[in-house]
Amino acid sequence: MKTLCFTALWAVAVCQTSLSQSAFPFPTAHAEWIVYKVYPIIGPTDEFLVYRNFVDGDSIFMGKTYTRVFRQNLCRCSCSVPDNYLPIAAQTTLLGGVREENHRVYFTKFGAGNGQSYYNPVTDTLLFDFAAQVGDSIPYAGNTTLVVDLVDTASDGRKQIHFKVHPPGYPGVWKEGIGSAGILETTEFFFANGSCFSDQVPSDCPIPCAVTAVEDPMAQPRFRVTPTLASDVVRIESADPSEQYSVQILSSTGVVLDMHKGIVPGDPIHIGHLPSGILVFYIRSSQGAVGAGRIIKGE
């Protein structure tokens, strides 16, 4: 009997471990969505826009930790010449922050919103619900309701929530650990050429204007602060070793602790004099591109 009980308990433990490992948490670093959208409707005179949503760095707001969400327009195409995408010199825009709790992802504007529209929330508003079940009705953006009609698993093991957007009743899907085509695109449609999600560094999502542009677009560098656990010195790694950077070092609550200028990749940045805990690095290149990273500073 003891052997049978042990075997049963072992099976339950293995099952629980398997289930916990199969979950895909919403990304908190090194993730981007490349979105292709067409305006105003699919037709011969439409304009096609390619933009990038990405997550980078943390902020603490009202006692909760959020991953910051950004948007950057990349390419535009009137497409009188097929696939003739041209680069857009657009600034990166902070959209807000996301956090995940009990398989639900919430979005906030960090208090900058007015609370009068769905995606202008002062505090949390539901963005994705991966705990939803078939038949659930989810109040959502723009006086719409999402009605869940199927819950299944994608080929890569991610849970998928299929729903209808009412009104007008067209279908949509959330994918665990990814969300929708972008961050705030659940109730939007007219996506030409779909979208691409990547959590790799460098990203494996192609950008059409990087190949077909008549002039070289400003690349969005990939910044990385290493090591992520340090007590004395860190360094910045970047895709462009010839670039110079200015660096602000902040506490997890947003207090500026130190600043550096003229940093090149590989230069030592001394942090021994800074307090222990999470340090956030805001990095700006001499070409105006921005990035961020974070480390945990030990004693």
# chains A, B, ... in the order shown; residues from 1 in each chain; ligands from 1
call {"tool": "select_by_dssp", "arguments": {"residues": "segment 148-287 of chain A", "states": "strand (DSSP E or B)", "output": "ChimeraX atom specification"}}
result
/A:148-153,159-166,170-175,179,195-198,224-226,229-230,233-237,245-251,256-263,269-270,277-285
call {"tool": "residues_around", "arguments": {"residues": "Ile138 of chain A", "least_positions_apart": "2", "cutoff": "9 Å", "atoms": "only C-alpha atoms", "output": "ChimeraX atom specification"}}
result
/A:129,132,136,140,144-148
call {"tool": "residues_around", "arguments": {"residues": "Val50 of chain A", "least_positions_apart": "4", "cutoff": "6 Å", "atoms": "only C-alpha atoms", "output": "number ranges by chain"}}
result
A: 35-36, 74-75
call {"tool": "residues_around", "arguments": {"residues": "Glu101 of chain A", "least_positions_apart": "5", "cutoff": "12 Å", "atoms": "only C-alpha atoms", "output": "PDB file with all heavy atoms, in the first residue's frame"}}
result
ATOM      1  N   PRO A  25       4.980  32.242 -19.832  1.00  0.00           N
ATOM      2  CA  PRO A  25       4.674  33.544 -19.225  1.00  0.00           C
ATOM      3  C   PRO A  25       4.820  34.660 -20.241  1.00  0.00           C
ATOM      4  O   PRO A  25       5.551  34.530 -21.241  1.00  0.00           O
ATOM      5  CB  PRO A  25       5.708  33.669 -18.112  1.00  0.00           C
ATOM      6  CG  PRO A  25       6.844  32.804 -18.555  1.00  0.00           C
ATOM      7  CD  PRO A  25       6.224  31.657 -19.283  1.00  0.00           C
ATOM      8  N   PHE A  26       4.122  35.766 -19.987  1.00  0.00           N
ATOM      9  CA  PHE A  26       4.237  36.913 -20.879  1.00  0.00           C
ATOM     10  C   PHE A  26       5.649  37.471 -20.770  1.00  0.00           C
ATOM     11  O   PHE A  26       6.204  37.556 -19.683  1.00  0.00           O
ATOM     12  CB  PHE A  26       3.212  37.980 -20.517  1.00  0.00           C
ATOM     13  CG  PHE A  26       2.883  38.898 -21.650  1.00  0.00           C
ATOM     14  CD1 PHE A  26       2.113  38.457 -22.711  1.00  0.00           C
ATOM     15  CD2 PHE A  26       3.363  40.199 -21.680  1.00  0.00           C
ATOM     16  CE1 PHE A  26       1.822  39.295 -23.780  1.00  0.00           C
ATOM     17  CE2 PHE A  26       3.077  41.039 -22.735  1.00  0.00           C
ATOM     18  CZ  PHE A  26       2.300  40.587 -23.785  1.00  0.00           C
ATOM     19  N   LYS A  64       3.374  48.038  -7.791  1.00  0.00           N
ATOM     20  CA  LYS A  64       3.433  46.837  -8.625  1.00  0.00           C
ATOM     21  C   LYS A  64       4.500  47.025  -9.699  1.00  0.00           C
ATOM     22  O   LYS A  64       4.738  48.132 -10.173  1.00  0.00           O
ATOM     23  CB  LYS A  64       2.077  46.564  -9.275  1.00  0.00           C
ATOM     24  CG  LYS A  64       0.971  46.281  -8.272  1.00  0.00           C
ATOM     25  CD  LYS A  64      -0.387  46.149  -8.951  1.00  0.00           C
ATOM     26  CE  LYS A  64      -1.494  45.919  -7.922  1.00  0.00           C
ATOM     27  NZ  LYS A  64      -2.834  45.846  -8.554  1.00  0.00           N
ATOM     28  N   THR A  65       5.141  45.914 -10.086  1.00  0.00           N
ATOM     29  CA  THR A  65       6.195  45.952 -11.088  1.00  0.00           C
ATOM     30  C   THR A  65       5.611  45.681 -12.467  1.00  0.00           C
ATOM     31  O   THR A  65       4.909  44.696 -12.676  1.00  0.00           O
ATOM     32  CB  THR A  65       7.286  44.914 -10.777  1.00  0.00           C
ATOM     33  OG1 THR A  65       7.849  45.192  -9.491  1.00  0.00           O
ATOM     34  CG2 THR A  65       8.388  44.959 -11.829  1.00  0.00           C
ATOM     35  N   TYR A  66       5.911  46.575 -13.408  1.00  0.00           N
ATOM     36  CA  TYR A  66       5.430  46.464 -14.783  1.00  0.00           C
ATOM     37  C   TYR A  66       6.614  46.390 -15.739  1.00  0.00           C
ATOM     38  O   TYR A  66       7.675  46.980 -15.484  1.00  0.00           O
ATOM     39  CB  TYR A  66       4.579  47.682 -15.171  1.00  0.00           C
ATOM     40  CG  TYR A  66       3.285  47.802 -14.412  1.00  0.00           C
ATOM     41  CD1 TYR A  66       3.262  48.382 -13.143  1.00  0.00           C
ATOM     42  CD2 TYR A  66       2.090  47.343 -14.956  1.00  0.00           C
ATOM     43  CE1 TYR A  66       2.068  48.489 -12.431  1.00  0.00           C
ATOM     44  CE2 TYR A  66       0.896  47.462 -14.263  1.00  0.00           C
ATOM     45  CZ  TYR A  66       0.895  48.039 -13.005  1.00  0.00           C
ATOM     46  OH  TYR A  66      -0.285  48.145 -12.304  1.00  0.00           O
ATOM     47  N   TYR A 106      -2.231  42.586 -17.608  1.00  0.00           N
ATOM     48  CA  TYR A 106      -2.860  43.886 -17.405  1.00  0.00           C
ATOM     49  C   TYR A 106      -1.979  44.999 -17.984  1.00  0.00           C
ATOM     50  O   TYR A 106      -0.752  44.879 -18.027  1.00  0.00           O
ATOM     51  CB  TYR A 106      -3.096  44.142 -15.917  1.00  0.00           C
ATOM     52  CG  TYR A 106      -4.015  43.141 -15.271  1.00  0.00           C
ATOM     53  CD1 TYR A 106      -3.516  41.986 -14.670  1.00  0.00           C
ATOM     54  CD2 TYR A 106      -5.396  43.339 -15.275  1.00  0.00           C
ATOM     55  CE1 TYR A 106      -4.373  41.062 -14.083  1.00  0.00           C
ATOM     56  CE2 TYR A 106      -6.253  42.411 -14.692  1.00  0.00           C
ATOM     57  CZ  TYR A 106      -5.736  41.276 -14.098  1.00  0.00           C
ATOM     58  OH  TYR A 106      -6.583  40.363 -13.533  1.00  0.00           O
ATOM     59  N   PHE A 107      -2.630  46.083 -18.386  1.00  0.00           N
ATOM     60  CA  PHE A 107      -1.947  47.213 -19.012  1.00  0.00           C
ATOM     61  C   PHE A 107      -2.274  48.502 -18.257  1.00  0.00           C
ATOM     62  O   PHE A 107      -3.398  48.684 -17.783  1.00  0.00           O
ATOM     63  CB  PHE A 107      -2.406  47.342 -20.472  1.00  0.00           C
ATOM     64  CG  PHE A 107      -1.843  48.534 -21.193  1.00  0.00           C
ATOM     65  CD1 PHE A 107      -0.523  48.554 -21.615  1.00  0.00           C
ATOM     66  CD2 PHE A 107      -2.636  49.642 -21.470  1.00  0.00           C
ATOM     67  CE1 PHE A 107      -0.005  49.654 -22.287  1.00  0.00           C
ATOM     68  CE2 PHE A 107      -2.131  50.736 -22.143  1.00  0.00           C
ATOM     69  CZ  PHE A 107      -0.806  50.744 -22.540  1.00  0.00           C
ATOM     70  N   ASP A 124      -4.655  49.472 -13.757  1.00  0.00           N
ATOM     71  CA  ASP A 124      -4.746  48.242 -14.547  1.00  0.00           C
ATOM     72  C   ASP A 124      -6.031  48.137 -15.363  1.00  0.00           C
ATOM     73  O   ASP A 124      -7.118  48.480 -14.882  1.00  0.00           O
ATOM     74  CB  ASP A 124      -4.693  47.017 -13.634  1.00  0.00           C
ATOM     75  CG  ASP A 124      -3.291  46.757 -13.115  1.00  0.00           C
ATOM     76  OD1 ASP A 124      -2.341  47.333 -13.671  1.00  0.00           O
ATOM     77  OD2 ASP A 124      -3.149  45.962 -12.169  1.00  0.00           O
ATOM     78  N   LEU A 126      -7.586  44.974 -18.145  1.00  0.00           N
ATOM     79  CA  LEU A 126      -7.293  43.644 -18.666  1.00  0.00           C
ATOM     80  C   LEU A 126      -6.894  43.724 -20.131  1.00  0.00           C
ATOM     81  O   LEU A 126      -7.581  44.317 -20.953  1.00  0.00           O
ATOM     82  CB  LEU A 126      -8.510  42.729 -18.507  1.00  0.00           C
ATOM     83  CG  LEU A 126      -8.316  41.296 -19.023  1.00  0.00           C
ATOM     84  CD1 LEU A 126      -7.323  40.542 -18.152  1.00  0.00           C
ATOM     85  CD2 LEU A 126      -9.651  40.560 -19.077  1.00  0.00           C
ATOM     86  N   LEU A 127      -5.762  43.087 -20.470  1.00  0.00           N
ATOM     87  CA  LEU A 127      -5.272  43.068 -21.836  1.00  0.00           C
ATOM     88  C   LEU A 127      -5.446  41.685 -22.468  1.00  0.00           C
ATOM     89  O   LEU A 127      -5.974  41.554 -23.570  1.00  0.00           O
ATOM     90  CB  LEU A 127      -3.802  43.481 -21.853  1.00  0.00           C
ATOM     91  CG  LEU A 127      -3.172  43.807 -23.198  1.00  0.00           C
ATOM     92  CD1 LEU A 127      -3.935  44.906 -23.921  1.00  0.00           C
ATOM     93  CD2 LEU A 127      -1.706  44.217 -22.994  1.00  0.00           C
ATOM     94  N   PHE A 128      -4.988  40.635 -21.777  1.00  0.00           N
ATOM     95  CA  PHE A 128      -5.148  39.256 -22.232  1.00  0.00           C
ATOM     96  C   PHE A 128      -5.556  38.394 -21.046  1.00  0.00           C
ATOM     97  O   PHE A 128      -5.075  38.603 -19.926  1.00  0.00           O
ATOM     98  CB  PHE A 128      -3.844  38.702 -22.819  1.00  0.00           C
ATOM     99  CG  PHE A 128      -3.227  39.566 -23.884  1.00  0.00           C
ATOM    100  CD1 PHE A 128      -1.976  40.123 -23.697  1.00  0.00           C
ATOM    101  CD2 PHE A 128      -3.895  39.827 -25.066  1.00  0.00           C
ATOM    102  CE1 PHE A 128      -1.392  40.924 -24.663  1.00  0.00           C
ATOM    103  CE2 PHE A 128      -3.330  40.629 -26.049  1.00  0.00           C
ATOM    104  CZ  PHE A 128      -2.081  41.173 -25.845  1.00  0.00           C
ATOM    105  N   ASP A 129      -6.417  37.421 -21.297  1.00  0.00           N
ATOM    106  CA  ASP A 129      -6.889  36.532 -20.237  1.00  0.00           C
ATOM    107  C   ASP A 129      -6.685  35.085 -20.678  1.00  0.00           C
ATOM    108  O   ASP A 129      -7.486  34.526 -21.436  1.00  0.00           O
ATOM    109  CB  ASP A 129      -8.363  36.793 -19.935  1.00  0.00           C
ATOM    110  CG  ASP A 129      -8.873  35.960 -18.760  1.00  0.00           C
ATOM    111  OD1 ASP A 129      -8.093  35.126 -18.236  1.00  0.00           O
ATOM    112  OD2 ASP A 129     -10.039  36.133 -18.367  1.00  0.00           O
ATOM    113  N   PHE A 130      -5.603  34.465 -20.197  1.00  0.00           N
ATOM    114  CA  PHE A 130      -5.317  33.083 -20.566  1.00  0.00           C
ATOM    115  C   PHE A 130      -5.917  32.093 -19.581  1.00  0.00           C
ATOM    116  O   PHE A 130      -5.666  30.897 -19.667  1.00  0.00           O
ATOM    117  CB  PHE A 130      -3.806  32.887 -20.694  1.00  0.00           C
ATOM    118  CG  PHE A 130      -3.215  33.711 -21.804  1.00  0.00           C
ATOM    119  CD1 PHE A 130      -2.484  34.853 -21.527  1.00  0.00           C
ATOM    120  CD2 PHE A 130      -3.434  33.377 -23.124  1.00  0.00           C
ATOM    121  CE1 PHE A 130      -1.963  35.637 -22.546  1.00  0.00           C
ATOM    122  CE2 PHE A 130      -2.928  34.149 -24.157  1.00  0.00           C
ATOM    123  CZ  PHE A 130      -2.185  35.281 -23.865  1.00  0.00           C
ATOM    124  N   ALA A 131      -6.747  32.595 -18.660  1.00  0.00           N
ATOM    125  CA  ALA A 131      -7.548  31.727 -17.797  1.00  0.00           C
ATOM    126  C   ALA A 131      -8.979  31.609 -18.321  1.00  0.00           C
ATOM    127  O   ALA A 131      -9.802  30.925 -17.722  1.00  0.00           O
ATOM    128  CB  ALA A 131      -7.553  32.267 -16.366  1.00  0.00           C
TER     129      ALA A 131
END
call {"tool": "residues_around", "arguments": {"residues": "Glu32 of chain A", "least_positions_apart": "2", "cutoff": "12 Å", "atoms": "only C-alpha atoms", "output": "ChimeraX atom specification"}}
result
/A:26-30,34-35,51-56,68-72,177-183,195-207,220,222
call {"tool": "write_last_selection", "arguments": {"atoms": "N, CA and C atoms", "output": "tab-separated table (two decimals), in the first residue's frame"}}
result
chain	number	residue	atom	x	y	z
A	26	PHE	N	4.12	35.77	-19.99
A	26	PHE	CA	4.24	36.91	-20.88
A	26	PHE	C	5.65	37.47	-20.77
A	27	PRO	N	6.28	37.83	-21.89
A	27	PRO	CA	7.70	38.23	-21.86
A	27	PRO	C	7.93	39.50	-21.05
A	28	THR	N	9.06	39.52	-20.38
A	28	THR	CA	9.47	40.69	-19.61
A	28	THR	C	10.77	41.30	-20.13
A	29	ALA	N	11.37	40.66	-21.14
A	29	ALA	CA	12.60	41.19	-21.73
A	29	ALA	C	12.84	40.53	-23.08
A	30	HIS	N	13.52	41.24	-23.95
A	30	HIS	CA	13.97	40.69	-25.23
A	30	HIS	C	12.82	40.11	-26.05
A	34	ILE	N	6.55	42.52	-34.73
A	34	ILE	CA	6.58	43.30	-35.96
A	34	ILE	C	5.20	43.17	-36.60
A	35	VAL	N	4.51	44.29	-36.75
A	35	VAL	CA	3.11	44.29	-37.18
A	35	VAL	C	2.98	44.97	-38.55
A	51	TYR	N	5.19	48.45	-38.09
A	51	TYR	CA	5.70	49.02	-36.85
A	51	TYR	C	6.11	47.93	-35.89
A	52	ARG	N	6.76	48.36	-34.84
A	52	ARG	CA	7.36	47.43	-33.88
A	52	ARG	C	6.86	47.75	-32.49
A	53	ASN	N	6.26	46.78	-31.82
A	53	ASN	CA	6.02	46.84	-30.38
A	53	ASN	C	7.13	46.04	-29.70
A	54	PHE	N	7.65	46.54	-28.60
A	54	PHE	CA	8.64	45.75	-27.89
A	54	PHE	C	8.58	46.06	-26.40
A	55	VAL	N	9.07	45.12	-25.61
A	55	VAL	CA	9.12	45.29	-24.15
A	55	VAL	C	10.57	45.43	-23.74
A	56	ASP	N	10.80	46.30	-22.76
A	56	ASP	CA	12.18	46.55	-22.33
A	56	ASP	C	12.18	47.30	-21.01
A	68	ARG	N	7.85	47.68	-19.26
A	68	ARG	CA	7.49	48.80	-20.12
A	68	ARG	C	7.30	48.34	-21.57
A	69	VAL	N	6.30	48.93	-22.22
A	69	VAL	CA	5.95	48.59	-23.60
A	69	VAL	C	6.17	49.81	-24.48
A	70	PHE	N	6.86	49.61	-25.60
A	70	PHE	CA	7.19	50.70	-26.52
A	70	PHE	C	6.65	50.40	-27.92
A	71	ARG	N	6.52	51.45	-28.72
A	71	ARG	CA	6.19	51.31	-30.13
A	71	ARG	C	7.15	52.17	-30.96
A	72	GLN	N	7.53	51.62	-32.12
A	72	GLN	CA	8.37	52.35	-33.06
A	72	GLN	C	7.89	52.05	-34.47
A	177	GLY	N	1.73	33.76	-23.80
A	177	GLY	CA	3.09	34.27	-23.84
A	177	GLY	C	3.37	35.21	-24.98
A	178	ILE	N	2.37	35.44	-25.84
A	178	ILE	CA	2.54	36.34	-26.98
A	178	ILE	C	1.45	37.40	-27.00
A	179	GLY	N	0.21	36.99	-26.83
A	179	GLY	CA	-0.92	37.91	-26.89
A	179	GLY	C	-1.51	37.92	-28.28
A	180	SER	N	-1.61	39.09	-28.89
A	180	SER	CA	-2.21	39.20	-30.22
A	180	SER	C	-1.14	39.61	-31.23
A	181	ALA	N	-1.57	40.21	-32.36
A	181	ALA	CA	-0.61	40.61	-33.39
A	181	ALA	C	0.43	41.57	-32.85
A	182	GLY	N	0.01	42.44	-31.92
A	182	GLY	CA	0.93	43.35	-31.25
A	182	GLY	C	0.57	43.35	-29.77
A	183	ILE	N	0.60	44.52	-29.15
A	183	ILE	CA	0.23	44.61	-27.74
A	183	ILE	C	-1.21	45.04	-27.57
A	195	SER	N	1.89	39.27	-38.80
A	195	SER	CA	2.80	39.84	-37.82
A	195	SER	C	3.84	38.80	-37.46
A	196	CYS	N	4.86	39.22	-36.75
A	196	CYS	CA	5.93	38.30	-36.36
A	196	CYS	C	6.30	38.58	-34.90
A	197	PHE	N	6.41	37.53	-34.11
A	197	PHE	CA	6.84	37.64	-32.72
A	197	PHE	C	8.20	36.99	-32.56
A	198	SER	N	9.07	37.62	-31.81
A	198	SER	CA	10.38	37.04	-31.52
A	198	SER	C	10.82	37.40	-30.12
A	199	ASP	N	11.35	36.42	-29.41
A	199	ASP	CA	11.98	36.68	-28.12
A	199	ASP	C	13.46	36.30	-28.17
A	200	GLN	N	14.02	36.28	-29.38
A	200	GLN	CA	15.43	35.98	-29.57
A	200	GLN	C	16.25	37.27	-29.62
A	201	VAL	N	17.53	37.14	-29.34
A	201	VAL	CA	18.46	38.27	-29.44
A	201	VAL	C	19.65	37.83	-30.29
A	202	PRO	N	19.84	38.39	-31.49
A	202	PRO	CA	18.99	39.39	-32.13
A	202	PRO	C	17.67	38.79	-32.61
A	203	SER	N	16.71	39.64	-32.89
A	203	SER	CA	15.39	39.18	-33.32
A	203	SER	C	15.48	38.42	-34.64
A	204	ASP	N	14.62	37.39	-34.78
A	204	ASP	CA	14.56	36.67	-36.04
A	204	ASP	C	13.37	37.12	-36.89
A	205	CYS	N	12.76	38.27	-36.54
A	205	CYS	CA	11.68	38.84	-37.35
A	205	CYS	C	12.27	39.73	-38.45
A	206	PRO	N	11.94	39.48	-39.71
A	206	PRO	CA	12.44	40.35	-40.78
A	206	PRO	C	11.72	41.68	-40.81
A	207	ILE	N	12.42	42.72	-41.25
A	207	ILE	CA	11.84	44.06	-41.42
A	207	ILE	C	12.01	44.43	-42.90
A	220	GLN	N	17.79	49.91	-34.88
A	220	GLN	CA	17.48	49.94	-33.46
A	220	GLN	C	18.45	49.01	-32.75
A	222	ARG	N	20.55	46.64	-30.25
A	222	ARG	CA	20.21	45.73	-29.16
A	222	ARG	C	21.20	45.97	-28.04
